[in-house]
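Colleague: Dropping in entry.cif, which is mmCIF, C-alpha atoms:
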```cif
data_my_file
#
loop_
_atom_site.label_atom_id
_atom_site.label_comp_id
_atom_site.auth_asym_id
_atom_site.auth_seq_id
_atom_site.Cartn_x
_atom_site.Cartn_y
_atom_site.Cartn_z
CA MET A 25 -6.62 14.29 0.03
CA ASN A 26 -5.29 13.63 -3.42
CA GLY A 27 -7.45 12.45 -6.30
CA THR A 28 -8.09 8.79 -5.62
CA GLN A 29 -8.44 9.01 -1.87
CA GLY A 30 -11.22 10.78 -0.10
CA THR A 31 -14.89 10.34 0.39
CA PHE A 32 -16.52 7.01 -0.27
CA ASP A 33 -18.36 6.86 -3.60
CA LYS A 34 -21.04 4.12 -3.79
CA SER A 35 -21.20 4.36 -7.58
CA LYS A 36 -17.51 3.40 -7.92
CA VAL A 37 -18.00 0.39 -5.67
CA ASP A 38 -21.24 -0.55 -7.45
CA GLU A 39 -19.35 -0.54 -10.75
CA ILE A 40 -16.60 -2.75 -9.30
CA ILE A 41 -19.14 -5.21 -7.89
CA LYS A 42 -21.00 -5.27 -11.22
CA ASN A 43 -17.76 -5.91 -13.17
CA CYS A 44 -16.54 -8.62 -10.81
CA GLY A 45 -19.92 -10.18 -10.07
CA ALA A 46 -21.81 -9.91 -6.76
CA LYS A 47 -20.87 -13.42 -5.63
CA LYS A 48 -19.05 -14.51 -2.49
CA SER A 49 -16.36 -16.19 -4.62
CA ASN A 50 -15.46 -12.75 -6.06
CA LEU A 51 -15.02 -10.99 -2.71
CA ILE A 52 -11.21 -10.84 -2.81
CA ALA A 53 -11.23 -9.52 -6.39
CA ILE A 54 -13.76 -6.85 -5.37
CA LEU A 55 -11.66 -5.81 -2.39
CA GLN A 56 -8.53 -5.65 -4.57
CA LYS A 57 -10.27 -3.36 -7.07
CA VAL A 58 -11.66 -1.12 -4.32
CA GLN A 59 -8.18 -0.85 -2.82
CA GLU A 60 -6.79 0.12 -6.24
CA VAL A 61 -9.25 3.02 -6.35
CA TYR A 62 -8.78 4.30 -2.80
CA ARG A 63 -5.26 2.93 -2.03
CA TYR A 64 -6.84 1.29 1.04
CA LEU A 65 -10.18 -0.20 2.09
CA PRO A 66 -12.42 2.48 3.58
CA GLU A 67 -14.66 1.20 6.38
CA GLU A 68 -17.75 2.53 4.59
CA ALA A 69 -16.84 0.61 1.44
CA MET A 70 -16.38 -2.67 3.32
CA THR A 71 -19.72 -2.28 5.09
CA TYR A 72 -21.39 -1.44 1.77
CA ILE A 73 -19.82 -4.46 0.04
CA GLY A 74 -21.18 -6.62 2.86
CA THR A 75 -24.70 -5.52 1.96
CA LYS A 76 -24.29 -5.95 -1.81
CA VAL A 77 -22.45 -9.25 -2.30
CA GLU A 78 -24.51 -12.45 -2.07
CA GLY A 79 -23.79 -14.61 0.96
CA VAL A 80 -21.47 -12.07 2.57
CA SER A 81 -21.99 -9.93 5.66
CA PRO A 82 -20.07 -6.78 6.60
CA ALA A 83 -18.36 -8.87 9.32
CA THR A 84 -17.15 -11.35 6.68
CA VAL A 85 -15.77 -8.51 4.55
CA PHE A 86 -13.86 -7.12 7.55
CA GLY A 87 -12.60 -10.60 8.39
CA VAL A 88 -11.22 -11.14 4.89
CA ALA A 89 -9.73 -7.63 4.75
CA THR A 90 -7.91 -8.08 8.05
CA PHE A 91 -6.79 -11.66 7.35
CA TYR A 92 -4.88 -10.99 4.12
CA ALA A 93 -1.74 -8.85 4.34
CA GLN A 94 -2.35 -7.41 0.87
CA PHE A 95 -5.21 -5.31 2.22
CA SER A 96 -4.78 -2.08 4.14
CA LEU A 97 -7.33 -0.39 6.37
CA GLU A 98 -5.22 2.78 6.38
CA PRO A 99 -4.55 5.00 3.36
CA LYS A 100 -1.33 4.14 1.51
CA GLY A 101 0.89 6.60 -0.28
CA LYS A 102 1.08 7.09 -4.01
CA TYR A 103 4.51 5.43 -3.79
CA GLU A 104 4.62 2.26 -1.70
CA ILE A 105 8.13 1.48 -0.51
CA LYS A 106 8.49 -2.13 0.65
CA LEU A 107 11.77 -2.99 2.26
CA CYS A 108 12.65 -6.64 2.73
CA ASP A 109 13.79 -7.62 6.20
CA GLY A 110 14.14 -11.34 5.60
CA THR A 111 17.30 -13.02 6.83
CA ALA A 112 19.49 -12.35 3.78
CA CYS A 113 18.39 -8.71 3.50
CA HIS A 114 18.68 -8.11 7.23
CA VAL A 115 22.21 -9.55 7.38
CA ARG A 116 23.23 -7.42 4.38
CA GLY A 117 21.99 -4.17 5.93
CA SER A 118 18.30 -3.60 5.23
CA MET A 119 17.59 -1.95 8.60
CA PRO A 120 19.91 1.05 8.16
CA VAL A 121 18.16 1.69 4.83
CA TYR A 122 14.76 1.44 6.53
CA GLU A 123 15.84 3.74 9.38
CA SER A 124 17.13 6.33 6.90
CA ILE A 125 13.77 6.36 5.09
CA ILE A 126 11.80 6.65 8.35
CA GLN A 127 14.03 9.52 9.51
CA ARG A 128 13.84 11.33 6.19
CA PHE A 129 10.04 11.26 6.19
CA LYS A 130 9.85 11.86 9.96
CA LEU A 131 7.57 8.85 10.44
CA THR A 132 7.06 8.08 14.13
CA ASP A 133 4.70 6.26 16.46
CA GLY A 134 3.63 3.53 14.07
CA LYS A 135 2.89 6.01 11.25
CA TYR A 136 3.91 4.64 7.86
CA THR A 137 2.47 7.14 5.38
CA THR A 138 3.75 10.68 4.86
CA GLU A 139 1.46 13.63 5.66
CA ASP A 140 1.17 14.54 1.97
CA GLY A 141 0.08 10.99 1.07
CA LEU A 142 2.99 10.61 -1.32
CA PHE A 143 4.92 7.77 0.36
CA SER A 144 4.14 4.70 2.46
CA VAL A 145 6.97 2.69 3.97
CA GLU A 146 6.79 -0.85 5.31
CA THR A 147 9.01 -3.81 5.99
CA VAL A 148 8.05 -7.21 4.64
CA SER A 149 9.24 -10.67 5.66
CA CYS A 150 10.57 -11.70 2.26
CA LEU A 151 10.42 -10.45 -1.31
CA GLY A 152 11.89 -13.65 -2.77
CA ALA A 153 14.98 -11.97 -4.17
CA CYS A 154 17.55 -13.06 -1.58
CA GLY A 155 20.42 -13.08 -4.08
CA LEU A 156 19.87 -9.34 -4.60
CA ALA A 157 19.83 -8.47 -0.89
CA PRO A 158 19.05 -6.03 0.51
CA VAL A 159 16.04 -5.41 -1.72
CA VAL A 160 13.55 -2.55 -1.87
CA VAL A 161 10.44 -2.51 -4.05
CA VAL A 162 8.78 0.78 -4.99
CA ASN A 163 5.37 0.36 -6.66
CA GLY A 164 6.40 -3.04 -7.96
CA LYS A 165 9.84 -2.03 -9.27
CA VAL A 166 12.68 -4.00 -7.65
CA TYR A 167 15.81 -2.18 -6.51
CA PRO A 168 18.61 -4.64 -5.64
CA GLN A 169 21.60 -4.26 -3.29
CA MET A 170 20.09 -1.19 -1.70
CA THR A 171 22.16 1.27 0.31
CA THR A 172 21.12 4.40 2.21
CA ASP A 173 22.74 6.56 -0.51
CA ALA A 174 20.98 4.71 -3.33
CA MET A 175 17.64 5.00 -1.51
CA LYS A 176 18.17 8.76 -1.15
CA VAL A 177 18.71 9.03 -4.93
CA ILE A 178 15.53 7.01 -5.64
CA ILE A 179 13.43 9.19 -3.33
CA ASP A 180 14.98 12.41 -4.70
CA THR A 181 14.20 11.26 -8.25
CA ILE A 182 10.57 10.57 -7.36
CA LEU A 183 10.23 13.94 -5.62
CA GLU A 184 11.71 15.73 -8.66
CA ARG A 185 9.27 13.91 -10.95
CA GLU A 186 6.38 14.90 -8.68
CA LYS A 187 7.44 18.55 -8.82
CA GLY A 188 7.49 18.34 -12.60
CA GLY A 189 11.26 18.85 -12.69
#
```
Could you quickly redo this structure as structure tokens?
Modeller:
Amino acid sequence: MNGTQGTFDKSKVDEIIKNCGAKKSNLIAILQKVQEVYRYLPEEAMTYIGTKVEGVSPATVFGVATFYAQFSLEPKGKYEIKLCDGTACHVRGSMPVYESIIQRFKLTDGKYTTEDGLFSVETVSCLGACGLAPVVVVNGKVYPQMTTDAMKVIIDTILEREKGG
């Protein structure tokens, strides 16, 4: 595993709970911070939070984590690629871009994160940038009017940066 992922560290979660406040009203903020550290919500962390936050059980923590789409129970890659498949993006060719990414990373059988933990790929219902369709967002940066060739250049650039080249 790379740096931020890996074994559950109670002290990190304790610090997050202390900074946010161990109140039920802060549960989502706590989960967001934990996910920032691990790039997902480890089961051990959710159970632990359920024992440390006032008025919250582990079952409540799991319920919140599975209800909101922003939370992931599976590790995400260092680079999160979100491809819009809303109506405008779909009509303007988002699925060929998505398929090219999936093929390049050899992601099959519902797997959305590369073996090396570098990339996660997912489709989303709408990114709210219909006039720029099809749209891809990589770690919060919007790439408009995406094509398979442009996506290849973006991925190649990230890989070069990761190699230090």
Colleague: Residues at most 7 Å from region 42-56 of chain A, counting all atoms listed in the file, excluding those fewer than 4 positions away in the same chain, as a list of chain:residue names?
Modeller: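 Here the qualifying residues turn out to be A:Asp38, A:Glu60, A:Lys76, A:Val77, A:Glu78, A:Gly79, A:Val80.
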Colleague: Provide the CA of Ala153 (chain A) to CA of Asp109 (chain A) distance in Å, to one decimal place.
Modeller: 11.3 Å
Colleague: Between CA of Lys57 (chain A) and CA of Asp140 (chain A), what is the distance in Å, rounded to a tenth?
Modeller: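 Distance between the two atoms: 23.1 Å.
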Colleague: Cys108 (chain A): which residues within 10 Å, counting all atoms listed in the file, same-chain residues fewer than 3 positions away excluded, as a compact mmCIF listing (two decimals) with C-alpha atoms, in the coordinates of the input?
Modeller:
```txt
# COMPACT_ATOMS: atom_id res chain seq x y z
CA ILE A 105 8.13 1.48 -0.51
CA THR A 111 17.30 -13.02 6.83
CA ALA A 112 19.49 -12.35 3.78
CA CYS A 113 18.39 -8.71 3.50
CA HIS A 114 18.68 -8.11 7.23
CA SER A 118 18.30 -3.60 5.23
CA MET A 119 17.59 -1.95 8.60
CA TYR A 122 14.76 1.44 6.53
CA GLU A 146 6.79 -0.85 5.31
CA THR A 147 9.01 -3.81 5.99
CA VAL A 148 8.05 -7.21 4.64
CA SER A 149 9.24 -10.67 5.66
CA CYS A 150 10.57 -11.70 2.26
CA LEU A 151 10.42 -10.45 -1.31
CA GLY A 152 11.89 -13.65 -2.77
CA ALA A 153 14.98 -11.97 -4.17
CA CYS A 154 17.55 -13.06 -1.58
CA ALA A 157 19.83 -8.47 -0.89
CA PRO A 158 19.05 -6.03 0.51
CA VAL A 159 16.04 -5.41 -1.72
CA VAL A 160 13.55 -2.55 -1.87
CA VAL A 161 10.44 -2.51 -4.05
```
Colleague: Please write as a ChimeraX atom specification the list of polymer residues whose atoms come within 8 Å of (-3.6, 4.8, 8.9), counting only C-alpha atoms and keeping to the coordinates of the file.
Modeller: /A:97-100,135-137
Colleague: So which residues touch Glu123 (chain A) within 12 Å, counting only C-alpha atoms, skipping near sequence neighbours fewer than 2 positions away, as a list in words?
Modeller: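 So the residues in contact are Leu107, Asp109, Gly117, Ser118, Met119, Pro120, Val121, Ile125, Ile126, Gln127, Arg128, Phe129, Lys130, Leu131, Thr132, Val145, Glu146, Thr147, Thr171, Thr172, Met175 and Lys176 of chain A.
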Colleague: Padding 4 Å on every side, please: axis-aligned box over the listed atoms of region 89-99 of chain A, centre and edge lengths to one decimal in Å, as lines of an AutoDock Vina configuration file.
Modeller:
```
center_x = -5.7
center_y = -3.3
center_z = 4.5
size_x = 16.0
size_y = 24.7
size_z = 15.2
```
Colleague: Kindly give the distance, in Å, that separates CA of Val162 (chain A) and CA of Ile40 (chain A), rounded to a single decimal.
Modeller: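 That distance, rounded to one decimal, is 26.0 Å.
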Colleague: Closest to Ala69 (chain A) among A:Asp33, A:Glu186, A:Asp173, A:Asp180, using all atoms listed in the file?
Modeller: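 The answer is A:Asp33, which sits nearest to Ala69 (chain A).
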Colleague: Pick the closest to Gly101 (chain A) from A:Phe143, A:Gln59, A:Ala174, A:Val37: which is it, counting all atoms listed in the file?
Modeller: A:Phe143
Colleague: Tell me which of A:Gly155, A:Thr181, A:Lys102, A:Phe95 sits closest to Thr138 (chain A), counting all atoms listed in the file.
Modeller: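 So, comparing all the options, the nearest one is A:Lys102.
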